[in-house]
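Quick notes on the structure that follows.
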Amino acid sequence: MTIIQLEYLLAVANCGSFSLAAQHCFVTQPSLSMQIKALEEELGVVLLDRSKKPVIPTEAGEVVLERTRETLRCYNNIREAVAELKGETAGKLRLGVIPTIAPYLLHKFIPVFVRDYPRVEMEVSEMVTHDIVDALRRDRIDAALVASGTCGDGIVEHELFSDRFYAYVSPANPLYERQNIRIEEIDLRELVLLSPGNCMRDQIIELCQAKREVPSHYSFESGSLDTLMRIVDCTHCLTIIPEMAVEYIPEEHRNQLKTLAKGATSRKIAVAVRRTYVKSSIIRALTQTILDNARR
């Protein structure tokens with residue numbers, strides 16, 4: 001049994017396909033298949049059900065994969081642990097970021113982080129909260145930038161800062177003349193939302209005491225805040241946006257931005273990691289870099 005075989009097995013389980021796993025591991029599919037077959041022969045069990053599309057682990061495969069994740073985690077952490085003992089910040093950091101943070105924050109801290117910590121190899125992926133939680137638990141990513149309180153058990157969140165919510169209102173909407181809006185004043189028939197899977201959507205729905213069954217001319221949902229704002233510009237609708245998006249609103253549309261009444265709240269931005277994560281020096285460096293550069 002080799003580390004390579006375990007890495008290939010985990011890649012197939014994660015990708016659901018031998019061909020995709022081979023691309024991910026930068027090897028030919030026959031080489032990857034041969035290594036996994038050798039592992040199965042050594043253990044005397046079939047680990048992957050190849051008849052299913054996507055390929056899924058067998059019962060024995062699930063047991064082996066659970067141990068494989070633990071083994072690879074320890075193996076991959078050897079260099080990081082030694083670097084930490086030597087007072088160095090080095091290793092790989094696989095970072096997930098939710099879509100309502102990525103466009104407004106990544107460019108502010110990544111160039112500085114890469115410059116200050118050249119021995120850290122960073123990989124960044126944009127994904128919704130549900131996929132981030134799954135990726136953290138399956139060890140596909142090391143850390144994530146999320147809205148605090150959305151990750152659940154087994155995940156530790158290091159809070160960074162608060163991010164206020166604002167209303168972005170069409171000039172054709174009755175609330176346009178207001179500078180400060182109470183949540184209960186919002187007509188839910190005119191509220192356009194992020195699509196399911198975005199945690200900010202869930203926060204807004206909860207903030208509005210759930211999106212009740214209210215007749216509406218149409219319903220519009222999008223994975224992009226920018227798209228929602230463009231829809232607001234050409235309709236009578238409104239949407240809710242985070243403070244970090246405000247500076248990117250063109251000056252001619254700033255008068256559409258309205259504060260929400262006290263208590264109509266904010267989200268907290270956090271760095272999320274598994275409870276068992278050991279690359280503490282990298283996370284400390286990431287956290288401090290974000291704090292130093294997020295508001296500039």
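Residue names in the structure tokens use chain letters A, B, ... in the order shown, residue numbers from 1 in each chain, and ligand numbers from 1 in the order shown.
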
Close residues, region 96-110 of chain A itself excluded, 7 Å, only C-alpha atoms, min 6 positions apart in chain, as a PDB file with N, CA and C atoms, in the first residue's frame:
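selection_34.pdb, written as the output of this step:
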```pdb
ATOM      1  N   VAL A 124      -7.358  28.714  -4.608  1.00  0.00           N
ATOM      2  CA  VAL A 124      -8.614  29.357  -4.215  1.00  0.00           C
ATOM      3  C   VAL A 124      -9.752  28.843  -5.092  1.00  0.00           C
ATOM      4  N   SER A 125     -10.869  28.484  -4.452  1.00  0.00           N
ATOM      5  CA  SER A 125     -12.050  28.021  -5.177  1.00  0.00           C
ATOM      6  C   SER A 125     -13.278  28.771  -4.670  1.00  0.00           C
ATOM      7  N   GLU A 126     -14.104  29.249  -5.597  1.00  0.00           N
ATOM      8  CA  GLU A 126     -15.369  29.875  -5.210  1.00  0.00           C
ATOM      9  C   GLU A 126     -16.441  28.801  -5.175  1.00  0.00           C
ATOM     10  N   MET A 127     -17.175  28.708  -4.070  1.00  0.00           N
ATOM     11  CA  MET A 127     -18.223  27.695  -3.930  1.00  0.00           C
ATOM     12  C   MET A 127     -19.248  28.134  -2.892  1.00  0.00           C
ATOM     13  N   VAL A 128     -20.459  27.582  -3.004  1.00  0.00           N
ATOM     14  CA  VAL A 128     -21.510  27.945  -2.061  1.00  0.00           C
ATOM     15  C   VAL A 128     -21.257  27.247  -0.722  1.00  0.00           C
ATOM     16  N   THR A 129     -21.958  27.697   0.316  1.00  0.00           N
ATOM     17  CA  THR A 129     -21.668  27.242   1.684  1.00  0.00           C
ATOM     18  C   THR A 129     -21.791  25.738   1.843  1.00  0.00           C
ATOM     19  N   ILE A 132     -18.809  24.112   0.538  1.00  0.00           N
ATOM     20  CA  ILE A 132     -17.651  24.411   1.391  1.00  0.00           C
ATOM     21  C   ILE A 132     -17.618  23.487   2.596  1.00  0.00           C
ATOM     22  N   ILE A 141     -10.645  20.974   0.884  1.00  0.00           N
ATOM     23  CA  ILE A 141     -10.075  22.300   1.128  1.00  0.00           C
ATOM     24  C   ILE A 141      -9.621  22.369   2.578  1.00  0.00           C
ATOM     25  N   ALA A 143      -9.420  25.561   4.392  1.00  0.00           N
ATOM     26  CA  ALA A 143     -10.071  26.667   5.091  1.00  0.00           C
ATOM     27  C   ALA A 143     -11.033  27.352   4.132  1.00  0.00           C
ATOM     28  N   ALA A 144     -11.880  28.230   4.689  1.00  0.00           N
ATOM     29  CA  ALA A 144     -12.858  28.917   3.837  1.00  0.00           C
ATOM     30  C   ALA A 144     -13.218  30.267   4.435  1.00  0.00           C
ATOM     31  N   LEU A 145     -13.579  31.187   3.555  1.00  0.00           N
ATOM     32  CA  LEU A 145     -14.138  32.465   3.965  1.00  0.00           C
ATOM     33  C   LEU A 145     -15.651  32.368   3.830  1.00  0.00           C
ATOM     34  N   VAL A 146     -16.349  32.497   4.962  1.00  0.00           N
ATOM     35  CA  VAL A 146     -17.787  32.261   5.006  1.00  0.00           C
ATOM     36  C   VAL A 146     -18.475  33.321   5.858  1.00  0.00           C
ATOM     37  N   MET A 244     -19.661  45.192   1.946  1.00  0.00           N
ATOM     38  CA  MET A 244     -18.430  45.080   1.156  1.00  0.00           C
ATOM     39  C   MET A 244     -18.670  45.290  -0.340  1.00  0.00           C
ATOM     40  N   ALA A 245     -19.942  45.228  -0.770  1.00  0.00           N
ATOM     41  CA  ALA A 245     -20.250  45.463  -2.181  1.00  0.00           C
ATOM     42  C   ALA A 245     -20.490  46.930  -2.493  1.00  0.00           C
ATOM     43  N   THR A 289      -3.633  38.963   7.607  1.00  0.00           N
ATOM     44  CA  THR A 289      -3.544  39.644   6.305  1.00  0.00           C
ATOM     45  C   THR A 289      -4.897  40.171   5.874  1.00  0.00           C
ATOM     46  N   ILE A 290      -5.952  39.376   6.077  1.00  0.00           N
ATOM     47  CA  ILE A 290      -7.291  39.840   5.724  1.00  0.00           C
ATOM     48  C   ILE A 290      -7.689  41.040   6.575  1.00  0.00           C
ATOM     49  N   ASN A 293      -6.053  44.258   5.482  1.00  0.00           N
ATOM     50  CA  ASN A 293      -6.290  44.769   4.127  1.00  0.00           C
ATOM     51  C   ASN A 293      -7.752  44.840   3.700  1.00  0.00           C
ATOM     52  N   ALA A 294      -8.659  44.261   4.479  1.00  0.00           N
ATOM     53  CA  ALA A 294     -10.057  44.173   4.062  1.00  0.00           C
ATOM     54  C   ALA A 294     -10.721  45.519   3.913  1.00  0.00           C
TER      55      ALA A 294
END
```

Quick one: residues within 9 Å of region 20-26 of chain A, only C-alpha atoms counted, chain neighbours fewer than 6 positions away excluded, as a ChimeraX atom specification? /A:7-14,32-33

Run DSSP on the backbone of this structure and report the residues of region 23-189 of chain A it assigns to strand (DSSP E), as a short mmCIF file (atom, residue, chain, number, x, y, z; two decimals) with N, CA and C atoms, in the first residue's frame.
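Listed below is the output, part_26.cif:
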```
data_model
loop_
_atom_site.label_atom_id
_atom_site.label_comp_id
_atom_site.auth_asym_id
_atom_site.auth_seq_id
_atom_site.Cartn_x
_atom_site.Cartn_y
_atom_site.Cartn_z
N LEU A 48 -14.33 0.30 -5.13
CA LEU A 48 -15.14 1.22 -5.93
C LEU A 48 -16.13 0.44 -6.79
N ASP A 49 -17.37 0.91 -6.80
CA ASP A 49 -18.39 0.30 -7.66
C ASP A 49 -18.33 0.98 -9.01
N ILE A 56 -18.98 5.16 -7.27
CA ILE A 56 -19.14 5.37 -5.83
C ILE A 56 -18.37 4.31 -5.05
N PRO A 57 -17.99 4.60 -3.80
CA PRO A 57 -17.29 3.60 -2.98
C PRO A 57 -18.23 2.47 -2.60
N GLY A 91 3.77 25.72 3.25
CA GLY A 91 2.88 24.61 2.97
C GLY A 91 1.81 25.00 1.97
N LYS A 92 0.82 24.14 1.81
CA LYS A 92 -0.28 24.39 0.88
C LYS A 92 -1.50 24.87 1.63
N LEU A 93 -2.21 25.85 1.06
CA LEU A 93 -3.46 26.33 1.61
C LEU A 93 -4.52 26.29 0.52
N ARG A 94 -5.50 25.40 0.68
CA ARG A 94 -6.62 25.30 -0.26
C ARG A 94 -7.79 26.06 0.37
N LEU A 95 -8.14 27.18 -0.24
CA LEU A 95 -9.11 28.10 0.35
C LEU A 95 -10.40 28.15 -0.46
N GLY A 96 -11.53 27.93 0.21
CA GLY A 96 -12.83 28.10 -0.41
C GLY A 96 -13.41 29.46 -0.02
N VAL A 97 -14.17 30.07 -0.92
CA VAL A 97 -14.76 31.39 -0.66
C VAL A 97 -16.17 31.42 -1.21
N VAL A 120 4.04 29.68 0.98
CA VAL A 120 2.69 29.09 1.05
C VAL A 120 2.14 28.99 -0.36
N GLU A 121 1.75 27.79 -0.74
CA GLU A 121 1.13 27.54 -2.05
C GLU A 121 -0.38 27.64 -1.89
N MET A 122 -0.99 28.64 -2.49
CA MET A 122 -2.42 28.89 -2.29
C MET A 122 -3.25 28.46 -3.50
N GLU A 123 -4.33 27.74 -3.22
CA GLU A 123 -5.33 27.39 -4.23
C GLU A 123 -6.67 27.94 -3.76
N VAL A 124 -7.36 28.71 -4.61
CA VAL A 124 -8.61 29.36 -4.22
C VAL A 124 -9.75 28.84 -5.09
N SER A 125 -10.87 28.48 -4.45
CA SER A 125 -12.05 28.02 -5.18
C SER A 125 -13.28 28.77 -4.67
N GLU A 126 -14.10 29.25 -5.60
CA GLU A 126 -15.37 29.87 -5.21
C GLU A 126 -16.44 28.80 -5.17
N ALA A 143 -9.42 25.56 4.39
CA ALA A 143 -10.07 26.67 5.09
C ALA A 143 -11.03 27.35 4.13
N ALA A 144 -11.88 28.23 4.69
CA ALA A 144 -12.86 28.92 3.84
C ALA A 144 -13.22 30.27 4.44
N LEU A 145 -13.58 31.19 3.56
CA LEU A 145 -14.14 32.47 3.96
C LEU A 145 -15.65 32.37 3.83
N VAL A 146 -16.35 32.50 4.96
CA VAL A 146 -17.79 32.26 5.01
C VAL A 146 -18.48 33.32 5.86
N ALA A 147 -19.81 33.26 5.87
CA ALA A 147 -20.58 34.03 6.84
C ALA A 147 -20.64 33.20 8.11
N ILE A 155 -16.71 22.22 12.58
CA ILE A 155 -16.01 23.30 11.90
C ILE A 155 -15.81 24.45 12.90
N VAL A 156 -14.59 24.96 12.96
CA VAL A 156 -14.28 26.10 13.82
C VAL A 156 -14.28 27.37 12.98
N GLU A 157 -14.93 28.41 13.47
CA GLU A 157 -14.99 29.68 12.75
C GLU A 157 -14.24 30.76 13.53
N HIS A 158 -13.30 31.41 12.87
CA HIS A 158 -12.56 32.53 13.47
C HIS A 158 -13.14 33.82 12.88
N GLU A 159 -13.94 34.53 13.68
CA GLU A 159 -14.60 35.73 13.18
C GLU A 159 -13.61 36.84 12.87
N LEU A 160 -13.84 37.55 11.76
CA LEU A 160 -12.96 38.61 11.30
C LEU A 160 -13.57 39.99 11.53
N PHE A 161 -14.74 40.25 10.94
CA PHE A 161 -15.37 41.55 11.07
C PHE A 161 -16.84 41.45 10.68
N SER A 162 -17.61 42.48 11.05
CA SER A 162 -19.02 42.54 10.69
C SER A 162 -19.19 43.20 9.33
N ASP A 163 -20.21 42.79 8.61
CA ASP A 163 -20.50 43.29 7.28
C ASP A 163 -21.99 43.64 7.24
N ARG A 164 -22.31 44.94 7.31
CA ARG A 164 -23.69 45.39 7.39
C ARG A 164 -24.47 45.09 6.12
N PHE A 165 -25.79 44.94 6.28
CA PHE A 165 -26.68 44.81 5.14
C PHE A 165 -27.27 46.17 4.78
N TYR A 166 -27.43 46.40 3.48
CA TYR A 166 -28.08 47.60 2.95
C TYR A 166 -29.18 47.18 1.98
N ALA A 167 -30.16 48.05 1.83
CA ALA A 167 -31.16 47.85 0.77
C ALA A 167 -30.70 48.60 -0.47
N TYR A 168 -30.87 47.96 -1.62
CA TYR A 168 -30.60 48.59 -2.91
C TYR A 168 -31.95 48.65 -3.62
N VAL A 169 -32.46 49.89 -3.83
CA VAL A 169 -33.86 50.10 -4.18
C VAL A 169 -34.02 50.76 -5.55
N ASN A 180 -33.75 55.50 5.40
CA ASN A 180 -33.60 54.42 6.38
C ASN A 180 -34.87 53.56 6.31
N ILE A 181 -34.70 52.25 6.09
CA ILE A 181 -35.84 51.36 5.86
C ILE A 181 -35.92 50.31 6.95
#
```

Neighbour list for Ile204 (chain A) as a VMD selection string, cut-off 8 Å, only C-alpha atoms, skip fewer than 4 positions in-chain: chain A and resid 200 208 240

Do you know which residues are at most 10 Å from region 152-154 of chain A counting only C-alpha atoms, after dropping those on the same chain fewer than 3 positions away, and could you put them as a list in words?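 Near region 152-154 of chain A, the qualifying residues are Val133, Leu136, Arg137, Ser148, Gly149, Glu157, Val273, Arg274, Arg275 and Thr276 of chain A.
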
Neighbour list for Cys74 (chain A) as a list of chain:residue names, cut-off 12 Å, only C-alpha atoms, skip fewer than 4 positions in-chain: A:Ile3, A:Arg67, A:Thr68, A:Arg69, A:Glu70, A:Ile78, A:Arg79, A:Glu80, A:Ala81, A:Asp139, A:Thr276, A:Tyr277, A:Val278, A:Lys279

Could those residues be written to a file, using all heavy atoms, as a tab-separated table (two decimals), in the first residue's frame?
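Produced file out38.tsv, reproduced below:
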```tsv
chain	number	residue	atom	x	y	z
A	3	ILE	N	1.20	5.74	-0.56
A	3	ILE	CA	0.52	7.03	-0.49
A	3	ILE	C	-0.12	7.37	-1.84
A	3	ILE	O	-1.25	7.87	-1.90
A	3	ILE	CB	1.50	8.14	-0.05
A	3	ILE	CG1	1.91	7.96	1.41
A	3	ILE	CG2	0.90	9.52	-0.28
A	3	ILE	CD1	0.78	8.16	2.41
A	67	ARG	N	-10.29	6.05	6.60
A	67	ARG	CA	-8.91	5.95	7.09
A	67	ARG	C	-7.94	6.65	6.13
A	67	ARG	O	-6.93	7.22	6.56
A	67	ARG	CB	-8.50	4.48	7.24
A	67	ARG	CG	-9.34	3.70	8.23
A	67	ARG	CD	-9.12	4.19	9.65
A	67	ARG	NE	-9.89	3.42	10.60
A	67	ARG	CZ	-11.11	3.73	11.03
A	67	ARG	NH1	-11.70	4.81	10.55
A	67	ARG	NH2	-11.73	2.96	11.90
A	68	THR	N	-8.25	6.60	4.84
A	68	THR	CA	-7.40	7.26	3.85
A	68	THR	C	-7.33	8.75	4.08
A	68	THR	O	-6.26	9.36	4.02
A	68	THR	CB	-7.93	6.97	2.42
A	68	THR	OG1	-7.77	5.58	2.14
A	68	THR	CG2	-7.18	7.78	1.38
A	69	ARG	N	-8.49	9.38	4.36
A	69	ARG	CA	-8.50	10.82	4.61
A	69	ARG	C	-7.65	11.16	5.83
A	69	ARG	O	-6.91	12.15	5.82
A	69	ARG	CB	-9.94	11.31	4.79
A	69	ARG	CG	-10.76	11.23	3.51
A	69	ARG	CD	-12.13	11.88	3.68
A	69	ARG	NE	-12.90	11.77	2.43
A	69	ARG	CZ	-13.81	10.84	2.20
A	69	ARG	NH1	-14.09	9.94	3.12
A	69	ARG	NH2	-14.45	10.81	1.04
A	70	GLU	N	-7.77	10.36	6.87
A	70	GLU	CA	-6.96	10.59	8.08
A	70	GLU	C	-5.47	10.44	7.77
A	70	GLU	O	-4.64	11.25	8.19
A	70	GLU	CB	-7.36	9.60	9.18
A	70	GLU	CG	-8.78	9.78	9.69
A	70	GLU	CD	-9.17	8.68	10.66
A	70	GLU	OE1	-8.30	7.84	11.00
A	70	GLU	OE2	-10.35	8.63	11.05
A	78	ILE	N	2.97	16.79	7.58
A	78	ILE	CA	4.32	16.61	8.11
A	78	ILE	C	5.18	17.83	7.84
A	78	ILE	O	5.83	18.38	8.75
A	78	ILE	CB	4.98	15.34	7.53
A	78	ILE	CG1	4.29	14.09	8.09
A	78	ILE	CG2	6.48	15.32	7.86
A	78	ILE	CD1	4.77	12.79	7.47
A	79	ARG	N	5.19	18.30	6.59
A	79	ARG	CA	6.01	19.46	6.25
A	79	ARG	C	5.55	20.70	6.99
A	79	ARG	O	6.36	21.48	7.46
A	79	ARG	CB	5.97	19.70	4.73
A	79	ARG	CG	6.77	18.69	3.93
A	79	ARG	CD	6.81	19.08	2.45
A	79	ARG	NE	7.63	18.16	1.68
A	79	ARG	CZ	7.18	17.01	1.18
A	79	ARG	NH1	5.92	16.66	1.38
A	79	ARG	NH2	7.97	16.22	0.49
A	80	GLU	N	4.21	20.87	7.08
A	80	GLU	CA	3.68	22.04	7.78
A	80	GLU	C	4.05	22.02	9.26
A	80	GLU	O	4.39	23.04	9.85
A	80	GLU	CB	2.16	22.12	7.62
A	80	GLU	CG	1.71	22.62	6.26
A	80	GLU	CD	1.71	21.53	5.20
A	80	GLU	OE1	2.01	20.37	5.54
A	80	GLU	OE2	1.41	21.83	4.03
A	81	ALA	N	3.99	20.82	9.86
A	81	ALA	CA	4.32	20.70	11.28
A	81	ALA	C	5.78	21.03	11.54
A	81	ALA	O	6.12	21.72	12.51
A	81	ALA	CB	3.99	19.29	11.77
A	139	ASP	N	-11.90	16.98	3.47
A	139	ASP	CA	-10.50	17.37	3.32
A	139	ASP	C	-10.15	17.74	1.88
A	139	ASP	O	-9.03	17.53	1.42
A	139	ASP	CB	-9.57	16.25	3.82
A	139	ASP	CG	-8.16	16.76	4.10
A	139	ASP	OD1	-8.03	17.94	4.47
A	139	ASP	OD2	-7.21	16.00	3.92
A	276	THR	N	-9.82	19.64	13.52
A	276	THR	CA	-8.56	18.89	13.56
A	276	THR	C	-7.45	19.53	12.72
A	276	THR	O	-6.37	18.98	12.58
A	276	THR	CB	-8.78	17.45	13.05
A	276	THR	OG1	-9.38	17.51	11.74
A	276	THR	CG2	-9.70	16.69	13.98
A	277	TYR	N	-7.71	20.70	12.16
A	277	TYR	CA	-6.74	21.35	11.27
A	277	TYR	C	-5.52	21.79	12.06
A	277	TYR	O	-5.63	22.34	13.15
A	277	TYR	CB	-7.40	22.56	10.61
A	277	TYR	CG	-6.56	23.21	9.54
A	277	TYR	CD1	-6.35	22.58	8.32
A	277	TYR	CD2	-5.97	24.44	9.74
A	277	TYR	CE1	-5.59	23.17	7.33
A	277	TYR	CE2	-5.20	25.04	8.75
A	277	TYR	CZ	-5.03	24.40	7.56
A	277	TYR	OH	-4.26	24.99	6.59
A	278	VAL	N	-4.32	21.54	11.51
A	278	VAL	CA	-3.09	21.79	12.27
A	278	VAL	C	-2.21	22.91	11.72
A	278	VAL	O	-1.24	23.29	12.36
A	278	VAL	CB	-2.23	20.50	12.36
A	278	VAL	CG1	-2.99	19.38	13.06
A	278	VAL	CG2	-1.74	20.06	10.99
A	279	LYS	N	-2.55	23.44	10.55
A	279	LYS	CA	-1.68	24.46	9.96
A	279	LYS	C	-1.97	25.83	10.59
A	279	LYS	O	-2.35	26.78	9.92
A	279	LYS	CB	-1.86	24.53	8.45
A	279	LYS	CG	-1.64	23.20	7.73
A	279	LYS	CD	-1.90	23.35	6.24
A	279	LYS	CE	-1.98	22.01	5.54
A	279	LYS	NZ	-2.33	22.14	4.11
```

When you look at Ala38 (chain A) with a cut-off of 9 Å (counting only C-alpha atoms), what residues show up, excluding the ones that are within fewer than 5 positions of it in the same chain? I need them as a PyMOL selection string. chain A and resi 1+5+33+43

Output N, CA, C and O atoms of each residue in that selection to a file, as a compact mmCIF listing (two decimals), in the first residue's frame.
```txt
# COMPACT_ATOMS: atom_id res chain seq x y z
N MET A 1 0.85 -1.19 0.00
CA MET A 1 0.00 0.00 0.00
C MET A 1 0.88 1.24 0.00
O MET A 1 1.82 1.33 0.79
N GLN A 5 -1.30 5.35 -4.09
CA GLN A 5 -2.53 4.58 -4.27
C GLN A 5 -3.69 5.20 -3.49
O GLN A 5 -4.82 5.30 -3.98
N SER A 33 -5.86 3.67 -12.78
CA SER A 33 -6.68 2.46 -12.60
C SER A 33 -5.84 1.29 -12.12
O SER A 33 -6.27 0.51 -11.26
N LEU A 43 -5.66 -5.61 -0.54
CA LEU A 43 -6.61 -5.63 0.59
C LEU A 43 -7.61 -6.78 0.46
O LEU A 43 -8.26 -7.14 1.44
```

Residues of region 73-134 of chain A in alpha helix (DSSP H) according to DSSP, as a ChimeraX atom specification? /A:73-85,102-116,129-134

Those selected residues, please, written with N, CA and C atoms and delivered as an mmCIF file, in the first residue's frame.
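Printed below is selection_6.cif as written:
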```cif
data_model
loop_
_atom_site.group_PDB
_atom_site.id
_atom_site.type_symbol
_atom_site.label_atom_id
_atom_site.label_comp_id
_atom_site.auth_asym_id
_atom_site.auth_seq_id
_atom_site.Cartn_x
_atom_site.Cartn_y
_atom_site.Cartn_z
ATOM 1 N N ARG A 73 -4.185 13.259 5.516
ATOM 2 C CA ARG A 73 -4.133 14.501 6.284
ATOM 3 C C ARG A 73 -2.852 14.547 7.114
ATOM 4 N N CYS A 74 -2.552 13.450 7.795
ATOM 5 C CA CYS A 74 -1.325 13.388 8.601
ATOM 6 C C CYS A 74 -0.086 13.481 7.720
ATOM 7 N N TYR A 75 -0.108 12.760 6.602
ATOM 8 C CA TYR A 75 1.036 12.767 5.692
ATOM 9 C C TYR A 75 1.309 14.162 5.149
ATOM 10 N N ASN A 76 0.241 14.824 4.706
ATOM 11 C CA ASN A 76 0.400 16.159 4.118
ATOM 12 C C ASN A 76 0.765 17.215 5.148
ATOM 13 N N ASN A 77 0.506 16.917 6.409
ATOM 14 C CA ASN A 77 0.792 17.893 7.454
ATOM 15 C C ASN A 77 2.215 17.778 8.016
ATOM 16 N N ILE A 78 2.967 16.787 7.579
ATOM 17 C CA ILE A 78 4.322 16.607 8.115
ATOM 18 C C ILE A 78 5.184 17.834 7.845
ATOM 19 N N ARG A 79 5.194 18.296 6.586
ATOM 20 C CA ARG A 79 6.014 19.456 6.246
ATOM 21 C C ARG A 79 5.548 20.697 6.992
ATOM 22 N N GLU A 80 4.212 20.869 7.075
ATOM 23 C CA GLU A 80 3.684 22.042 7.777
ATOM 24 C C GLU A 80 4.055 22.017 9.259
ATOM 25 N N ALA A 81 3.991 20.815 9.858
ATOM 26 C CA ALA A 81 4.316 20.697 11.282
ATOM 27 C C ALA A 81 5.781 21.026 11.537
ATOM 28 N N VAL A 82 6.662 20.540 10.671
ATOM 29 C CA VAL A 82 8.090 20.826 10.822
ATOM 30 C C VAL A 82 8.362 22.309 10.600
ATOM 31 N N ALA A 83 7.706 22.876 9.571
ATOM 32 C CA ALA A 83 7.881 24.308 9.305
ATOM 33 C C ALA A 83 7.437 25.142 10.496
ATOM 34 N N GLU A 84 6.351 24.719 11.132
ATOM 35 C CA GLU A 84 5.851 25.458 12.294
ATOM 36 C C GLU A 84 6.855 25.397 13.444
ATOM 37 N N LEU A 85 7.461 24.222 13.646
ATOM 38 C CA LEU A 85 8.480 24.084 14.695
ATOM 39 C C LEU A 85 9.673 24.999 14.421
ATOM 40 N N ALA A 102 -16.212 36.592 -2.443
ATOM 41 C CA ALA A 102 -15.095 36.484 -3.388
ATOM 42 C C ALA A 102 -14.833 37.735 -4.225
ATOM 43 N N PRO A 103 -15.837 38.329 -4.896
ATOM 44 C CA PRO A 103 -15.533 39.458 -5.794
ATOM 45 C C PRO A 103 -15.140 40.739 -5.071
ATOM 46 N N TYR A 104 -15.452 40.810 -3.783
ATOM 47 C CA TYR A 104 -15.261 42.057 -3.049
ATOM 48 C C TYR A 104 -14.073 42.038 -2.095
ATOM 49 N N LEU A 105 -13.515 40.856 -1.833
ATOM 50 C CA LEU A 105 -12.473 40.765 -0.808
ATOM 51 C C LEU A 105 -11.171 40.124 -1.289
ATOM 52 N N LEU A 106 -11.263 39.113 -2.157
ATOM 53 C CA LEU A 106 -10.062 38.354 -2.528
ATOM 54 C C LEU A 106 -8.937 39.243 -3.051
ATOM 55 N N HIS A 107 -9.278 40.171 -3.953
ATOM 56 C CA HIS A 107 -8.234 40.986 -4.588
ATOM 57 C C HIS A 107 -7.556 41.939 -3.608
ATOM 58 N N LYS A 108 -8.183 42.134 -2.448
ATOM 59 C CA LYS A 108 -7.607 43.064 -1.471
ATOM 60 C C LYS A 108 -6.489 42.433 -0.646
ATOM 61 N N PHE A 109 -6.579 41.120 -0.414
ATOM 62 C CA PHE A 109 -5.567 40.519 0.461
ATOM 63 C C PHE A 109 -4.666 39.482 -0.206
ATOM 64 N N ILE A 110 -5.123 38.858 -1.304
ATOM 65 C CA ILE A 110 -4.307 37.786 -1.896
ATOM 66 C C ILE A 110 -2.944 38.279 -2.388
ATOM 67 N N PRO A 111 -2.843 39.405 -3.122
ATOM 68 C CA PRO A 111 -1.507 39.853 -3.549
ATOM 69 C C PRO A 111 -0.558 40.093 -2.374
ATOM 70 N N VAL A 112 -1.083 40.634 -1.291
ATOM 71 C CA VAL A 112 -0.254 40.893 -0.106
ATOM 72 C C VAL A 112 0.168 39.575 0.537
ATOM 73 N N PHE A 113 -0.774 38.636 0.643
ATOM 74 C CA PHE A 113 -0.469 37.337 1.261
ATOM 75 C C PHE A 113 0.599 36.596 0.458
ATOM 76 N N VAL A 114 0.438 36.580 -0.858
ATOM 77 C CA VAL A 114 1.413 35.891 -1.725
ATOM 78 C C VAL A 114 2.790 36.539 -1.606
ATOM 79 N N ARG A 115 2.823 37.865 -1.509
ATOM 80 C CA ARG A 115 4.103 38.577 -1.376
ATOM 81 C C ARG A 115 4.767 38.293 -0.019
ATOM 82 N N ASP A 116 3.974 38.317 1.048
ATOM 83 C CA ASP A 116 4.533 38.185 2.396
ATOM 84 C C ASP A 116 4.831 36.742 2.792
ATOM 85 N N THR A 129 -21.958 27.697 0.316
ATOM 86 C CA THR A 129 -21.668 27.242 1.684
ATOM 87 C C THR A 129 -21.791 25.738 1.843
ATOM 88 N N HIS A 130 -22.851 25.152 1.286
ATOM 89 C CA HIS A 130 -23.046 23.707 1.433
ATOM 90 C C HIS A 130 -21.845 22.947 0.885
ATOM 91 N N ASP A 131 -21.345 23.364 -0.267
ATOM 92 C CA ASP A 131 -20.189 22.690 -0.871
ATOM 93 C C ASP A 131 -18.919 22.938 -0.061
ATOM 94 N N ILE A 132 -18.809 24.112 0.538
ATOM 95 C CA ILE A 132 -17.651 24.411 1.391
ATOM 96 C C ILE A 132 -17.618 23.487 2.596
ATOM 97 N N VAL A 133 -18.769 23.326 3.257
ATOM 98 C CA VAL A 133 -18.832 22.457 4.436
ATOM 99 C C VAL A 133 -18.466 21.027 4.054
ATOM 100 N N ASP A 134 -19.011 20.555 2.942
ATOM 101 C CA ASP A 134 -18.700 19.200 2.475
ATOM 102 C C ASP A 134 -17.219 19.069 2.146
#
```
